[in-house]
Each structure stands twice: as structure tokens, then as C-alpha cells.
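Visitor: Would you mind keeping the following structure in view while I ask a few things?
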Amino acid sequence: MVASGSKSQAKKPTKKDSKDASGKAKNPTDKALKAKKAVAKGTFINRKKKARYSVHFRRPKTLSLPRAPKYPRQSAPGRPKLDQFKIVKYPLTTESAMKKIEDNNTLVFIVDKRSNKNMIKAAVHKLYSIEVQRVNTLIRPDGEKKAYVRLASDYDALDVANKIGII
């Protein structure tokens, strides 16, 4: 222990003495005193509250990375459900259909109910290599779809019907 009469006569640093001309602390004890004051005072004294202009809290948007899959989720690409062979089921060979072939240059087909006029036009073009002028459709009472395919003036429906095997 230290004798009671011999107290160290260390002079406490004053504000003027502890800083040099640049405003920085001179020695480590000054630095330590400054840190001690900061701890006692607390660091959150002068913190400002963020101004909120809405009563609703909106979660901030965070980084969303693009997907980088390790393997494909489908093993093979799907085949189209309606190709030209599924769209056109068969040609109709009734008397009224034959009359349409002779008089109106029109072929009559039973087609898939899900197909539309553009699909029917493309399917007939692919199957029989003929140009189609227009397509009219109706759904029969038995639920089948009937398509009246009017051929372009360059093509004769009788020749095409012979080629198909209707007549």
C-alpha cells in the first residue's frame, strides 16, 4: 500500500491543457478520460427520431436475386395439344356436304371442338396444301363442331375431294 502521507501530486488535466493546437487529445490518459465521460453520458443522447409521415409501416424492399435453378423443373417440353391431325377429325360426306363441294367450292369437315377458325385454316393448309379463303363453323346438336372451309378461287373443291378420297 501507499503511505498515507505520500499522495501523488499528479495534476488533473484541464480542458486547455489536454488538447493541442489541432484539437486532438495529447496523451493516452486524456483519451481514457474522454472515453469514460462518453460511457457515463451515453452515446444515444443526441440521436434524432426519424420523422414518420404515415401511420402505416411499409416493409422495406430487400434484394431479390434472380432464380438460378440447379436442374430443369420439366424433363421435356410439352407437345402441343392440338396439331393439324387432331384439329381435323374427318371430312363429312353427306348429300348436303357434296352439294357444297359442287356449288360453293367448299369442303365440310368435323373438327375438334376446342379449335378456332384460324387453327382450322392452318390445319387444312398443312394437311392438304390448299389455300383457304374463309372458314365458317357451327356446333352440331350432338356436340361436334362442323367447319365449312371455302377454298380460294385457284383451287377446285371437287379435285381436292377426289385427292382426299371423299368422292
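Here's how to read the names in the C-alpha cells: chain A, B, ... by the order shown, residue numbers from 1 in each chain, ligand numbers from 1 in the order shown.
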Please give the complete set of residues from region 61-164 of chain A that DSSP, run on the backbone, assigns to strand (DSSP E), formatted as a list in words.

Guide: Val88, Lys89, Tyr90, Pro91, Thr106, Leu107, Val108, Phe109, Ile110, Val111, Val132, Gln133, Arg134, Val135, Asn136, Thr137, Leu138, Ile139, Lys145, Lys146, Ala147, Tyr148, Val149, Arg150 and Leu151 of chain A

Visitor: How close does region 33-112 of chain A get to region 151-156 of chain A? List, as a tab-separated table, each residue of region 33-112 of chain A within 12 Å, its nearest atom pair and the distance in Å to one decimal, counting only C-alpha atoms.

Guide:
residue	atom	partner	partner_atom	distance
A:Lys100	CA	A:Leu151	CA	11.3
A:Ile101	CA	A:Asp156	CA	8.7
A:Glu102	CA	A:Asp156	CA	9.0
A:Asp103	CA	A:Asp156	CA	10.6
A:Asn104	CA	A:Leu151	CA	8.9
A:Asn105	CA	A:Leu151	CA	6.0
A:Thr106	CA	A:Leu151	CA	6.0
A:Leu107	CA	A:Leu151	CA	7.6
A:Val108	CA	A:Leu151	CA	10.8

Visitor: Please identify which residues in chain A DSSP calls helix (DSSP H, G or I) from the backbone, and express them as an MDAnalysis selection string.

Guide: chainID A and resid 15:18 28:41 84:87 95:104 117:128 157:164

Visitor: So, counting only C-alpha atoms, which residue among A:Pro66, A:Gly165, A:Pro28, A:Pro80 is closest to Thr93 (chain A)?

Guide: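 The shortest atom-to-atom distance to Thr93 (chain A) comes from A:Gly165.
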
Visitor: Pick the closest to Pro91 (chain A) from A:Val111, A:Arg52, A:Gly143, A:Leu158: which is it, counting only C-alpha atoms?

Guide: A:Val111

Visitor: Report, in Å to a single decimal, how far apart CA of Asp159 (chain A) and CA of Glu144 (chain A) are.

Guide: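 Answer for the CA of Glu144 (chain A) to CA of Asp159 (chain A) separation: 26.3 Å.
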
Visitor: Go through A:Arg67, A:Lys61, A:Lys145, A:Lys50 one by one, measure the shortest atom-to-atom distance of each to Ile87 (chain A) using only C-alpha atoms, and give the residue with the smallest value.

Guide: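 Nearest to Ile87 (chain A): A:Lys145.
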
Visitor: I need the residue nearest Arg150 (chain A) from this list: A:Lys163, A:Lys49, A:Lys121, A:Lys126. Use only C-alpha atoms for the distance.

Guide: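 Closest residue, counting only C-alpha atoms: A:Lys121.
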
Visitor: In Å, rounded to a single decimal, give me how far CA of Ala161 (chain A) is from CA of Ile139 (chain A).

Guide: 22.7 Å

Visitor: Record the distance separating CA of Met98 (chain A) and CA of Ile167 (chain A), expressed in Å with one decimal.

Guide: 8.5 Å
